[in-house]
>>> print(open('coords.txt').read())   # compact mmCIF, C-alpha atoms and all ligand atoms
# COMPACT_ATOMS: atom_id res chain seq x y z
CA MET A 1 419.26 41.81 -31.56
CA PHE A 2 416.31 42.75 -29.34
CA GLY A 3 414.57 40.68 -26.68
CA LEU A 4 411.28 40.71 -24.85
CA ILE A 5 410.73 39.15 -21.44
CA GLY A 6 407.09 38.46 -20.70
CA HIS A 7 404.77 36.15 -18.83
CA SER A 8 401.22 34.81 -18.96
CA THR A 9 398.46 36.82 -17.31
CA SER A 10 397.33 33.95 -15.06
CA PHE A 11 398.31 30.43 -14.06
CA ALA A 12 395.26 28.99 -15.88
CA GLU A 13 396.25 30.81 -19.06
CA ALA A 14 399.86 29.70 -18.72
CA ARG A 15 398.80 26.05 -18.50
CA ALA A 16 396.54 26.42 -21.54
CA ASN A 17 399.43 27.98 -23.50
CA ALA A 18 401.74 25.18 -22.42
CA ARG A 19 399.24 22.65 -23.76
CA ASN A 20 399.00 24.51 -27.09
CA LEU A 21 402.78 24.59 -27.39
CA GLY A 22 403.09 20.85 -26.68
CA TYR A 23 404.61 21.19 -23.17
CA ASP A 24 402.26 18.59 -21.65
CA ASP A 25 404.25 18.22 -18.38
CA TYR A 26 403.83 21.92 -17.71
CA ALA A 27 400.17 21.86 -18.72
CA GLU A 28 399.53 19.23 -16.03
CA GLY A 29 401.94 20.66 -13.46
CA ASP A 30 400.92 22.48 -10.26
CA LEU A 31 402.09 25.92 -9.16
CA ASP A 32 405.07 24.49 -7.25
CA MET A 33 406.32 22.84 -10.41
CA TRP A 34 405.95 26.12 -12.29
CA CYS A 35 407.82 27.95 -9.53
CA ALA A 36 410.81 25.68 -10.09
CA ALA A 37 410.69 25.84 -13.90
CA PRO A 38 413.42 27.73 -15.79
CA PRO A 39 412.67 30.52 -18.31
CA GLN A 40 412.10 29.52 -21.94
CA LEU A 41 413.16 31.22 -25.14
CA LEU A 42 409.94 30.53 -27.02
CA GLU A 43 410.24 32.37 -30.28
CA ARG A 44 412.64 34.08 -32.66
CA VAL A 45 411.42 36.69 -35.11
CA SER A 46 412.57 39.15 -37.79
CA VAL A 47 411.01 42.62 -37.84
CA THR A 48 411.28 45.16 -40.66
CA SER A 49 410.84 48.85 -39.90
CA ALA A 50 408.92 51.26 -42.13
CA THR A 51 412.39 52.54 -43.09
CA GLY A 52 413.24 49.09 -44.54
CA LYS A 53 415.70 48.12 -41.80
CA THR A 54 415.38 44.53 -40.49
CA ILE A 55 416.32 43.37 -37.00
CA GLU A 56 416.22 39.98 -35.27
CA GLY A 57 414.55 39.37 -31.92
CA ALA A 58 413.55 36.73 -29.41
CA TYR A 59 410.74 36.29 -26.88
CA ILE A 60 411.59 34.83 -23.48
CA ASP A 61 408.81 33.61 -21.22
CA SER A 62 409.94 34.07 -17.64
CA VAL A 63 407.55 31.27 -16.58
CA PHE A 64 406.34 33.71 -13.95
CA VAL A 65 402.59 34.06 -13.35
CA PRO A 66 400.88 36.73 -11.19
CA GLU A 67 399.90 34.02 -8.66
CA MET A 68 403.63 33.97 -7.70
CA LEU A 69 403.74 37.67 -6.74
CA ARG A 70 403.54 36.90 -3.02
CA ARG A 71 406.33 34.33 -3.26
CA PHE A 72 409.01 37.00 -3.22
CA LYS A 73 412.03 34.75 -3.64
CA THR A 74 410.42 32.95 -6.55
CA ALA A 75 409.35 36.17 -8.27
CA LYS A 76 412.84 37.60 -7.88
CA ARG A 77 414.50 34.42 -9.19
CA LYS A 78 412.15 34.26 -12.19
CA VAL A 79 413.07 37.76 -13.32
CA LEU A 80 416.80 37.35 -12.78
CA LYS A 81 416.93 33.95 -14.52
CA ALA A 82 415.02 35.34 -17.52
CA MET A 83 417.52 38.24 -17.69
CA GLU A 84 420.38 35.78 -17.47
CA LEU A 85 418.91 33.75 -20.37
CA ALA A 86 418.53 36.94 -22.45
CA GLN A 87 422.13 37.88 -21.84
CA LYS A 88 423.45 34.36 -22.48
CA SER A 89 421.45 34.29 -25.74
CA GLY A 90 423.45 37.28 -26.96
CA ILE A 91 420.53 39.70 -26.98
CA ASP A 92 421.73 43.33 -27.04
CA ILE A 93 418.68 45.04 -25.59
CA THR A 94 415.77 43.38 -23.78
CA ALA A 95 412.54 44.92 -22.47
CA LEU A 96 411.17 43.81 -19.11
CA GLY A 97 407.45 43.34 -19.79
CA GLY A 98 404.37 42.97 -17.59
CA PHE A 99 405.16 42.53 -13.89
CA THR A 100 408.85 41.84 -14.49
CA SER A 101 409.92 45.52 -14.46
CA ILE A 102 407.82 46.17 -11.33
CA ILE A 103 409.42 43.16 -9.58
CA PHE A 104 412.85 44.38 -10.69
CA GLU A 105 412.31 47.86 -9.25
CA ASP A 106 410.25 46.97 -6.16
CA MET A 107 412.58 44.18 -5.06
CA ASN A 108 415.62 46.28 -5.77
CA LEU A 109 417.20 43.65 -8.00
CA LEU A 110 419.96 46.08 -8.98
CA ARG A 111 421.75 44.69 -5.93
CA GLU A 112 421.70 41.21 -7.47
CA GLU A 113 424.33 41.59 -10.12
CA ARG A 114 425.18 37.91 -10.25
CA VAL A 115 422.95 35.03 -11.31
CA SER A 116 424.82 31.75 -10.93
CA ALA A 117 428.15 32.47 -12.65
CA VAL A 118 426.80 35.26 -14.87
CA ALA A 119 427.34 38.93 -14.03
CA LEU A 120 424.30 40.77 -15.39
CA ASP A 121 425.08 43.73 -17.62
CA TRP A 122 422.34 46.29 -16.89
CA GLU A 123 423.07 48.14 -20.13
CA ARG A 124 421.36 45.28 -21.96
CA PHE A 125 417.94 45.87 -20.35
CA THR A 126 415.25 48.53 -20.39
CA THR A 127 411.93 48.82 -18.57
CA GLY A 128 410.40 50.36 -21.70
CA ASN A 129 408.67 52.98 -19.57
CA THR A 130 409.81 56.02 -21.59
CA HIS A 131 408.05 54.79 -24.73
CA THR A 132 405.03 53.67 -22.69
CA ALA A 133 404.71 57.16 -21.16
CA TRP A 134 405.07 58.82 -24.58
CA VAL A 135 402.45 56.52 -26.13
CA ILE A 136 399.97 57.20 -23.32
CA CYS A 137 400.43 60.96 -23.84
CA GLN A 138 399.79 60.53 -27.59
CA GLN A 139 396.64 58.57 -26.76
CA VAL A 140 395.38 61.46 -24.61
CA VAL A 141 396.14 64.13 -27.21
CA THR A 142 394.71 62.17 -30.16
CA ASN A 143 391.56 60.73 -28.63
CA ALA A 144 390.29 63.52 -26.36
CA PRO A 145 389.29 65.84 -29.25
CA ARG A 146 387.53 62.93 -30.98
CA LEU A 147 385.19 62.79 -27.97
CA GLY A 148 384.70 66.55 -28.00
CA ILE A 149 386.99 67.08 -24.97
CA ASP A 150 389.05 70.28 -25.17
CA LEU A 151 392.46 69.41 -23.76
CA ALA A 152 393.36 73.01 -23.00
CA SER A 153 390.52 73.28 -20.50
CA ALA A 154 390.13 69.63 -19.45
CA LYS A 155 390.89 68.30 -15.99
CA VAL A 156 393.18 65.29 -16.34
CA ALA A 157 393.49 62.86 -13.43
CA VAL A 158 396.62 60.70 -13.34
CA VAL A 159 396.11 57.68 -11.07
CA GLY A 160 399.64 56.58 -10.17
CA ALA A 161 400.98 60.11 -10.74
CA SER A 162 403.98 59.64 -8.45
CA GLY A 163 405.14 56.49 -10.30
CA ASP A 164 407.74 56.20 -13.02
CA ILE A 165 405.29 56.37 -15.94
CA GLY A 166 402.77 58.61 -14.14
CA SER A 167 405.28 61.33 -13.28
CA ALA A 168 406.57 61.37 -16.87
CA VAL A 169 403.00 61.64 -18.19
CA CYS A 170 402.39 64.58 -15.82
CA ARG A 171 405.51 66.40 -17.02
CA TRP A 172 404.66 65.84 -20.69
CA LEU A 173 401.01 66.91 -20.28
CA GLN A 174 402.11 69.99 -18.36
CA ARG A 175 404.30 71.02 -21.31
CA GLN A 176 401.46 70.20 -23.73
CA GLY A 177 399.05 72.34 -21.72
CA VAL A 178 395.94 70.90 -20.07
CA GLY A 179 393.26 72.59 -17.97
CA GLU A 180 394.38 71.08 -14.66
CA LEU A 181 396.33 68.03 -13.49
CA LEU A 182 394.74 66.00 -10.68
CA LEU A 183 397.36 63.89 -8.91
CA VAL A 184 396.32 60.54 -7.37
CA ALA A 185 398.23 57.78 -5.54
CA ARG A 186 398.10 56.23 -2.05
CA ARG A 187 401.15 57.76 -0.35
CA PRO A 188 400.97 61.53 0.14
CA GLN A 189 404.68 62.44 0.29
CA PRO A 190 405.69 61.38 -3.26
CA LEU A 191 402.65 63.31 -4.54
CA ILE A 192 403.67 66.40 -2.58
CA ASP A 193 407.18 66.10 -4.04
CA LEU A 194 405.77 65.74 -7.57
CA GLN A 195 403.47 68.72 -7.07
CA ALA A 196 406.44 70.79 -5.90
CA SER A 197 408.57 69.76 -8.90
CA LEU A 198 405.73 70.52 -11.34
CA GLY A 199 404.79 73.75 -9.60
CA GLU A 200 401.15 72.82 -10.16
CA GLY A 201 398.61 69.99 -9.85
CA ARG A 202 395.97 69.25 -7.22
CA ILE A 203 396.34 66.19 -4.97
CA LEU A 204 393.06 64.34 -4.60
CA ALA A 205 391.67 61.02 -3.41
CA ILE A 206 390.67 58.73 -6.24
CA ASP A 207 386.90 59.26 -5.85
CA GLU A 208 387.29 63.04 -5.74
CA ALA A 209 389.43 63.05 -8.87
CA LEU A 210 387.06 60.77 -10.78
CA ALA A 211 384.13 63.08 -10.04
CA GLU A 212 385.93 66.00 -11.73
CA ALA A 213 388.12 64.60 -14.52
CA GLN A 214 387.14 64.46 -18.19
CA ILE A 215 390.29 62.43 -18.81
CA VAL A 216 391.66 59.74 -16.47
CA VAL A 217 395.08 58.17 -17.07
CA TRP A 218 395.43 54.96 -15.04
CA VAL A 219 399.08 54.06 -14.52
CA ALA A 220 398.91 51.91 -11.40
CA SER A 221 398.32 48.19 -10.95
CA LEU A 222 394.92 48.40 -9.34
CA PRO A 223 393.35 45.83 -7.04
CA GLN A 224 390.58 43.67 -8.52
CA SER A 225 388.36 44.95 -5.69
CA LEU A 226 388.47 48.57 -6.93
CA GLU A 227 384.98 49.86 -7.66
CA ILE A 228 384.24 52.98 -9.68
CA ASP A 229 381.14 55.07 -8.95
CA LEU A 230 380.06 55.35 -12.58
CA ALA A 231 377.25 57.81 -11.82
CA SER A 232 379.71 60.41 -10.53
CA LEU A 233 381.88 60.51 -13.69
CA PRO A 234 381.62 63.56 -15.99
CA ARG A 235 380.43 62.75 -19.54
CA PRO A 236 382.11 62.32 -21.91
CA CYS A 237 385.02 60.77 -20.08
CA LEU A 238 388.16 59.31 -21.68
CA MET A 239 389.89 56.64 -19.59
CA ILE A 240 393.30 55.44 -20.66
CA ASP A 241 393.90 52.03 -19.06
CA GLY A 242 397.70 52.08 -18.85
CA GLY A 243 398.15 49.79 -15.86
CA TYR A 244 398.75 46.09 -15.90
CA PRO A 245 396.64 43.99 -15.92
CA LYS A 246 394.21 45.96 -18.09
CA ASN A 247 390.93 45.48 -16.27
CA LEU A 248 389.10 48.81 -16.55
CA ASP A 249 386.84 47.95 -19.47
CA THR A 250 384.58 45.89 -17.23
CA LYS A 251 384.74 48.27 -14.23
CA ALA A 252 383.99 51.42 -16.23
CA ALA A 253 381.51 50.17 -18.80
CA ALA A 254 378.88 52.93 -19.07
CA GLU A 255 377.34 55.29 -21.60
CA GLY A 256 379.68 58.20 -22.30
CA VAL A 257 382.71 56.54 -20.66
CA HIS A 258 385.32 55.56 -23.23
CA VAL A 259 388.02 53.13 -22.09
CA LEU A 260 391.13 52.84 -24.24
CA LYS A 261 393.87 50.27 -23.64
CA GLY A 262 396.85 52.40 -22.73
CA GLY A 263 400.51 51.95 -23.64
CA ILE A 264 399.69 49.82 -26.70
CA VAL A 265 401.07 50.46 -30.17
CA GLU A 266 400.26 49.16 -33.61
CA PHE A 267 403.07 48.39 -36.08
CA TRP A 268 402.77 49.34 -39.74
CA GLN A 269 402.63 45.67 -40.91
CA ASP A 270 402.01 42.17 -39.57
CA ILE A 271 405.04 40.69 -37.83
CA GLY A 272 404.36 36.98 -38.13
CA TRP A 273 404.88 36.07 -34.47
CA GLN A 274 402.89 34.16 -31.87
CA MET A 275 403.85 36.01 -28.72
CA MET A 276 401.03 38.58 -28.61
CA GLU A 277 398.32 35.97 -29.13
CA VAL A 278 398.15 35.53 -25.35
CA ALA A 279 398.02 39.25 -24.56
CA GLU A 280 394.42 39.87 -25.66
CA MET A 281 395.35 42.29 -28.43
CA ALA A 282 392.66 43.01 -31.06
CA LYS A 283 395.32 42.51 -33.78
CA PRO A 284 398.04 40.37 -32.19
CA GLN A 285 400.10 40.29 -35.39
CA ARG A 286 400.82 44.01 -35.20
CA GLN A 287 399.72 45.33 -31.79
CA MET A 288 401.98 45.11 -28.75
CA PHE A 289 402.92 46.70 -25.44
CA ALA A 290 404.85 49.94 -25.91
CA CYS A 291 407.54 48.71 -23.51
CA PHE A 292 408.26 45.80 -25.89
CA ALA A 293 408.36 48.18 -28.82
CA GLU A 294 410.97 50.25 -26.95
CA ALA A 295 413.47 47.37 -27.18
CA MET A 296 412.81 47.13 -30.93
CA LEU A 297 413.26 50.87 -31.35
CA LEU A 298 416.55 50.85 -29.46
CA ASP A 299 417.73 48.01 -31.71
CA PHE A 300 416.56 49.74 -34.92
CA GLU A 301 418.48 52.81 -33.75
CA GLN A 302 421.51 50.73 -32.61
CA ARG A 303 421.21 52.39 -29.22
CA HIS A 304 422.01 49.42 -27.02
CA THR A 305 421.65 50.95 -23.58
CA ASN A 306 419.32 50.84 -20.58
CA PHE A 307 417.33 53.76 -21.95
CA SER A 308 414.57 53.49 -19.28
CA TRP A 309 415.98 52.58 -15.90
CA GLY A 310 415.26 53.24 -12.23
CA ARG A 311 412.32 55.26 -11.02
CA ASN A 312 411.24 58.79 -11.98
CA ASN A 313 414.21 59.40 -14.28
CA ILE A 314 412.23 59.83 -17.51
CA THR A 315 412.98 63.18 -19.17
CA LEU A 316 410.96 65.06 -21.77
CA GLU A 317 413.99 64.91 -24.09
CA ALA A 318 414.06 61.09 -23.85
CA MET A 319 410.30 60.95 -24.51
CA ASP A 320 410.69 63.18 -27.57
CA TRP A 321 413.55 61.05 -28.89
CA ILE A 322 411.80 57.70 -28.48
CA GLY A 323 408.55 59.21 -29.82
CA ALA A 324 410.26 60.39 -33.01
CA ALA A 325 411.89 56.96 -33.42
CA SER A 326 408.52 55.28 -32.86
CA LEU A 327 406.88 57.23 -35.69
CA ARG A 328 409.89 56.80 -37.99
CA HIS A 329 409.91 53.02 -37.68
CA GLY A 330 406.17 52.61 -38.22
CA PHE A 331 404.50 52.46 -34.80
CA ARG A 332 401.42 54.43 -33.82
CA ALA A 333 399.54 54.63 -30.55
CA LEU A 334 396.35 52.58 -30.30
CA ALA A 335 393.23 54.75 -30.82
CA LEU A 336 389.63 54.21 -29.73
CA GLU A 337 388.54 53.05 -33.20
CA ASP A 338 391.34 50.42 -33.30
CA GLN A 339 389.72 48.55 -30.44
CA GLN A 340 386.61 47.64 -32.37
CA SER A 341 386.89 43.98 -33.31
CA PRO A 342 386.47 43.14 -36.98
CA ALA A 343 382.92 42.17 -37.90
CA PRO A 344 382.45 38.42 -37.36
CA ALA A 345 382.46 36.34 -40.53
CA LEU A 346 379.01 35.13 -41.59
CA ALA A 347 378.44 31.60 -40.41
CA THR A 348 377.96 29.05 -43.14
CA VAL A 349 375.62 26.19 -42.52
P1 LIG A 401 405.47 52.51 -10.34
O1 LIG A 401 405.51 51.46 -9.28
O2 LIG A 401 406.65 53.37 -10.58
O3 LIG A 401 404.23 53.48 -10.03
C1 LIG A 401 402.99 53.02 -9.60
C2 LIG A 401 402.16 54.24 -9.18
O4 LIG A 401 400.85 53.83 -8.85
C3 LIG A 401 402.69 54.96 -7.95
O5 LIG A 401 402.37 56.33 -8.04
C4 LIG A 401 401.90 54.30 -6.82
O6 LIG A 401 401.92 55.16 -5.69
C5 LIG A 401 400.53 54.22 -7.50
N1 LIG A 401 399.61 53.20 -6.99
C6 LIG A 401 399.88 51.89 -6.78
N2 LIG A 401 398.76 51.28 -6.33
C7 LIG A 401 397.77 52.21 -6.27
C8 LIG A 401 396.40 52.19 -5.88
N3 LIG A 401 395.83 51.08 -5.43
N4 LIG A 401 395.69 53.35 -5.95
C9 LIG A 401 396.29 54.50 -6.38
N5 LIG A 401 397.57 54.58 -6.75
C10 LIG A 401 398.32 53.44 -6.71
O7 LIG A 401 405.02 51.74 -11.67
P2 LIG A 401 405.29 52.12 -13.20
O8 LIG A 401 405.10 53.58 -13.39
O9 LIG A 401 406.55 51.47 -13.63
O10 LIG A 401 404.09 51.31 -13.91
C11 LIG A 401 402.75 51.74 -13.73
C12 LIG A 401 401.79 50.72 -14.33
O11 LIG A 401 401.97 50.63 -15.74
C13 LIG A 401 401.99 49.30 -13.80
O12 LIG A 401 400.72 48.73 -13.61
C14 LIG A 401 402.72 48.61 -14.93
O13 LIG A 401 402.51 47.22 -14.95
C15 LIG A 401 402.09 49.27 -16.13
N6 LIG A 401 402.89 49.18 -17.36
C16 LIG A 401 402.18 49.01 -18.51
C17 LIG A 401 402.84 48.93 -19.72
C18 LIG A 401 402.03 48.78 -20.96
O14 LIG A 401 400.87 48.51 -20.92
N7 LIG A 401 402.60 48.96 -22.12
C19 LIG A 401 404.31 48.99 -19.80
C20 LIG A 401 404.95 49.23 -18.54
C21 LIG A 401 404.24 49.30 -17.36
P3 LIG A 401 401.52 54.62 -4.23
O15 LIG A 401 402.32 53.36 -4.01
O16 LIG A 401 401.87 55.76 -3.32
O17 LIG A 401 400.05 54.38 -4.28
>>> encode(input="coords.txt", output="structure tokens")
Amino acid sequence: MFGLIGHSTSFAEARANARNLGYDDYAEGDLDMWCAAPPQLLERVSVTSATGKTIEGAYIDSVFVPEMLRRFKTAKRKVLKAMELAQKSGIDITALGGFTSIIFEDMNLLREERVSAVALDWERFTTGNTHTAWVICQQVVTNAPRLGIDLASAKVAVVGASGDIGSAVCRWLQRQGVGELLLVARRPQPLIDLQASLGEGRILAIDEALAEAQIVVWVASLPQSLEIDLASLPRPCLMIDGGYPKNLDTKAAAEGVHVLKGGIVEFWQDIGWQMMEVAEMAKPQRQMFACFAEAMLLDFEQRHTNFSWGRNNITLEAMDWIGAASLRHGFRALALEDQQSPAPALATV
């Protein structure tokens, strides 16, 4: 059995969802009430792979919202309690979605093995970052040529290059062969270490990289205040918005700049679930975050282990393995043309 731990993208959205689901107390409650609320197992689902294999899964809402990020103790408790509920519910492998994996890693929750009386078994959880990194690489390779960008000579900027997903993307793209890797993050030392381990790559400030790159992979949670100098971007430019929240489409809307939601996959058939309705997917019945899909893949493959864990441990071999499993079970990376919404139905009067 697989599990997904997620959360709403804002407090306002969480309250609206609560109203839709009939939780009127929550819909009326203030942030303090939400801080005290326990996680909820909201949905159970069956999923059938393109191979014909069927697995069972469950979605757990951690009842965390991004407005709680600065309340460290609350954020920490939300993630641990959701993990405890997943484990108590007998789920074999659960993906930590949205901010929950970042909270887990940044707040070093590995030290917190016990929640109440339950000893957490780390083998039952995965960040899903290996599949996310593989999907983002597929999105680069598939969509760049469609825009007339030659990958072999293109400059590719990775914003968040020293992170878990970013460093894996750099290693994969290096093996694939790109013109030049431009490495971007705030702290210099991790970038210097990455550059040394790759044996290539140029470290640049974000504005410098954007002025040169035909392809930009964003794998950092970026501040709302970030502004992009659209005039300086080369055309055409492919931007893969792999961070969370996905907010580049408004910042980078310009002729010749193509923004693709990164780390999103589409399943081969509709799943019949509600959980992606809140995640602003164009086709919520079959599109989902690649980190969620990783838990499904591990369950389809009966590989119940913390496949993606810790920081900067993702290997090319692991990416190849999860990538092959992804294709076998009927997932494919979201492409530019998938983002176009279906034509609106003609209004009848
Ligand atoms: P990490 O914390 O491991 O890495 C984050 C990277 O971004 C680091 O290199 C960090 O370096 C850099 N960074 C952070 N803030 C900035 C900034 N303001 N400007 C430039 N660089 C910055 O995170 P992960 O690799 O685990 O995740 C990366 C992103 O991907 C997150 O936003 C996460 O939510 C998202 N994600 C998306 C998924 C999906 O859509 N399917 C699934 C999983 C994760 P430094 O601190 O030195 O700046």
>>> residues_around(input="coords.txt", residues="region 193-204 of chain A", least_positions_apart="3", cutoff="6 Å", atoms="all atoms listed in the file", output="list in words")
Leu181, Leu182, Leu183, Val184, Pro190 and Ala209 of chain A
>>> residues_around(input="coords.txt", residues="Ala220 (chain A)", least_positions_apart="2", cutoff="8 Å", atoms="all atoms listed in the file", output="list in words")
Val159, Gly160, Gly163, Trp218, Leu222, Gly242, Gly243 and Tyr244 of chain A
>>> axis_aligned_box(input="coords.txt", around="ligand LIG 401 (chain A)", padding_each_side="4 Å", output="lines of an AutoDock Vina configuration file")
center_x = 401.2
center_y = 51.8
center_z = -12.7
size_x = 19.0
size_y = 17.1
size_z = 26.8
>>> atom_distance(input="coords.txt", atom1="CA of Leu298 (chain A)", atom2="CA of Ala82 (chain A)")
19.6 Å
>>> residues_near_ligand(input="coords.txt", ligand="ligand LIG 401 (chain A)", cutoff="8 Å", atoms="all atoms listed in the file", output="PyMOL selection string")
chain A and resi 97-99+101-102+105-106+127-129+132+159-167+184-188+190-191+206+218-223+226+242-246+261-264+288-292+311-312
>>> closest_residue(input="coords.txt", among="A:Ile192, A:Ala50, A:Leu173, A:Ala324", to="Ile136 (chain A)", atoms="all atoms listed in the file")
A:Leu173
>>> residues_around(input="coords.txt", residues="region 53-59 of chain A", least_positions_apart="5", cutoff="7 Å", atoms="only C-alpha atoms", output="VMD selection string")
chain A and resid 1 to 5 41 to 48 300
>>> residues_around(input="coords.txt", residues="region 317-323 of chain A", least_positions_apart="6", cutoff="9 Å", atoms="all atoms listed in the file", output="compact mmCIF listing (two decimals) with C-alpha atoms, in the coordinates of the input")
# COMPACT_ATOMS: atom_id res chain seq x y z
CA THR A 130 409.81 56.02 -21.59
CA HIS A 131 408.05 54.79 -24.73
CA ALA A 133 404.71 57.16 -21.16
CA TRP A 134 405.07 58.82 -24.58
CA VAL A 135 402.45 56.52 -26.13
CA ALA A 168 406.57 61.37 -16.87
CA TRP A 172 404.66 65.84 -20.69
CA GLU A 294 410.97 50.25 -26.95
CA LEU A 297 413.26 50.87 -31.35
CA LEU A 298 416.55 50.85 -29.46
CA PHE A 307 417.33 53.76 -21.95
CA SER A 308 414.57 53.49 -19.28
>>> residues_around(input="coords.txt", residues="Val257 (chain A)", least_positions_apart="2", cutoff="12 Å", atoms="all atoms listed in the file", output="MDAnalysis selection string")
chainID A and resid 144 147 210 213:216 228:240 248:255 259:260 336
>>> atom_distance(input="coords.txt", atom1="CA of Ser62 (chain A)", atom2="CA of Val118 (chain A)")
17.1 Å
>>> residues_near_point(input="coords.txt", point="(390.1, 69.1, -20.1)", cutoff="10 Å", atoms="all atoms listed in the file", output="PyMOL selection string")
chain A and resi 144-145+148-157+177-181+212-215+237
>>> atom_distance(input="coords.txt", atom1="CA of His329 (chain A)", atom2="CA of Ala293 (chain A)")
10.2 Å
>>> closest_residue(input="coords.txt", among="A:Leu69, A:Met107, A:Leu80, A:Ile271", to="Phe125 (chain A)", atoms="all atoms listed in the file")
A:Leu80
>>> closest_residue(input="coords.txt", among="A:Asn17, A:Arg71, A:Asp24, A:Ala335", to="Gln274 (chain A)", atoms="all atoms listed in the file")
A:Asn17
>>> closest_residue(input="coords.txt", among="A:Ala95, A:Met276, A:Ala16, A:Leu85", to="Glu28 (chain A)", atoms="all atoms listed in the file")
A:Ala16
>>> decode(input="coords.txt", residues="region 72-77 of chain A", atoms="all heavy atoms", output="tab-separated table (two decimals), in the first residue's frame")
chain	number	residue	atom	x	y	z
A	72	PHE	N	8.09	27.04	13.77
A	72	PHE	CA	8.92	25.84	13.57
A	72	PHE	C	8.38	24.61	14.28
A	72	PHE	O	8.32	23.52	13.71
A	72	PHE	CB	10.37	26.10	14.01
A	72	PHE	CG	11.03	27.19	13.22
A	72	PHE	CD1	11.61	28.27	13.85
A	72	PHE	CD2	11.05	27.13	11.84
A	72	PHE	CE1	12.20	29.30	13.11
A	72	PHE	CE2	11.64	28.14	11.09
A	72	PHE	CZ	12.20	29.23	11.73
A	73	LYS	N	7.99	24.80	15.55
A	73	LYS	CA	7.53	23.63	16.32
A	73	LYS	C	6.27	23.04	15.70
A	73	LYS	O	6.10	21.82	15.64
A	73	LYS	CB	7.24	24.02	17.77
A	73	LYS	CG	8.49	24.06	18.62
A	73	LYS	CD	8.10	24.22	20.07
A	73	LYS	CE	9.34	24.21	20.94
A	73	LYS	NZ	9.09	24.72	22.27
A	74	THR	N	5.39	23.93	15.25
A	74	THR	CA	4.15	23.47	14.63
A	74	THR	C	4.46	22.71	13.35
A	74	THR	O	3.94	21.62	13.11
A	74	THR	CB	3.22	24.67	14.32
A	74	THR	OG1	2.97	25.35	15.53
A	74	THR	CG2	1.92	24.23	13.70
A	75	ALA	N	5.30	23.32	12.50
A	75	ALA	CA	5.62	22.70	11.21
A	75	ALA	C	6.20	21.30	11.43
A	75	ALA	O	5.81	20.33	10.79
A	75	ALA	CB	6.60	23.58	10.46
A	76	LYS	N	7.12	21.22	12.38
A	76	LYS	CA	7.77	19.95	12.70
A	76	LYS	C	6.73	18.92	13.17
A	76	LYS	O	6.70	17.78	12.70
A	76	LYS	CB	8.77	20.27	13.83
A	76	LYS	CG	9.71	19.21	14.19
A	76	LYS	CD	10.74	19.84	15.10
A	76	LYS	CE	10.95	18.96	16.30
A	76	LYS	NZ	11.96	19.47	17.22
A	77	ARG	N	5.86	19.35	14.09
A	77	ARG	CA	4.85	18.44	14.64
A	77	ARG	C	3.89	17.97	13.54
A	77	ARG	O	3.51	16.80	13.48
A	77	ARG	CB	4.08	19.15	15.76
A	77	ARG	CG	3.08	18.28	16.50
A	77	ARG	CD	2.59	18.92	17.78
A	77	ARG	NE	2.44	20.38	17.70
A	77	ARG	CZ	1.42	21.01	17.14
A	77	ARG	NH1	0.43	20.33	16.60
A	77	ARG	NH2	1.36	22.32	17.11
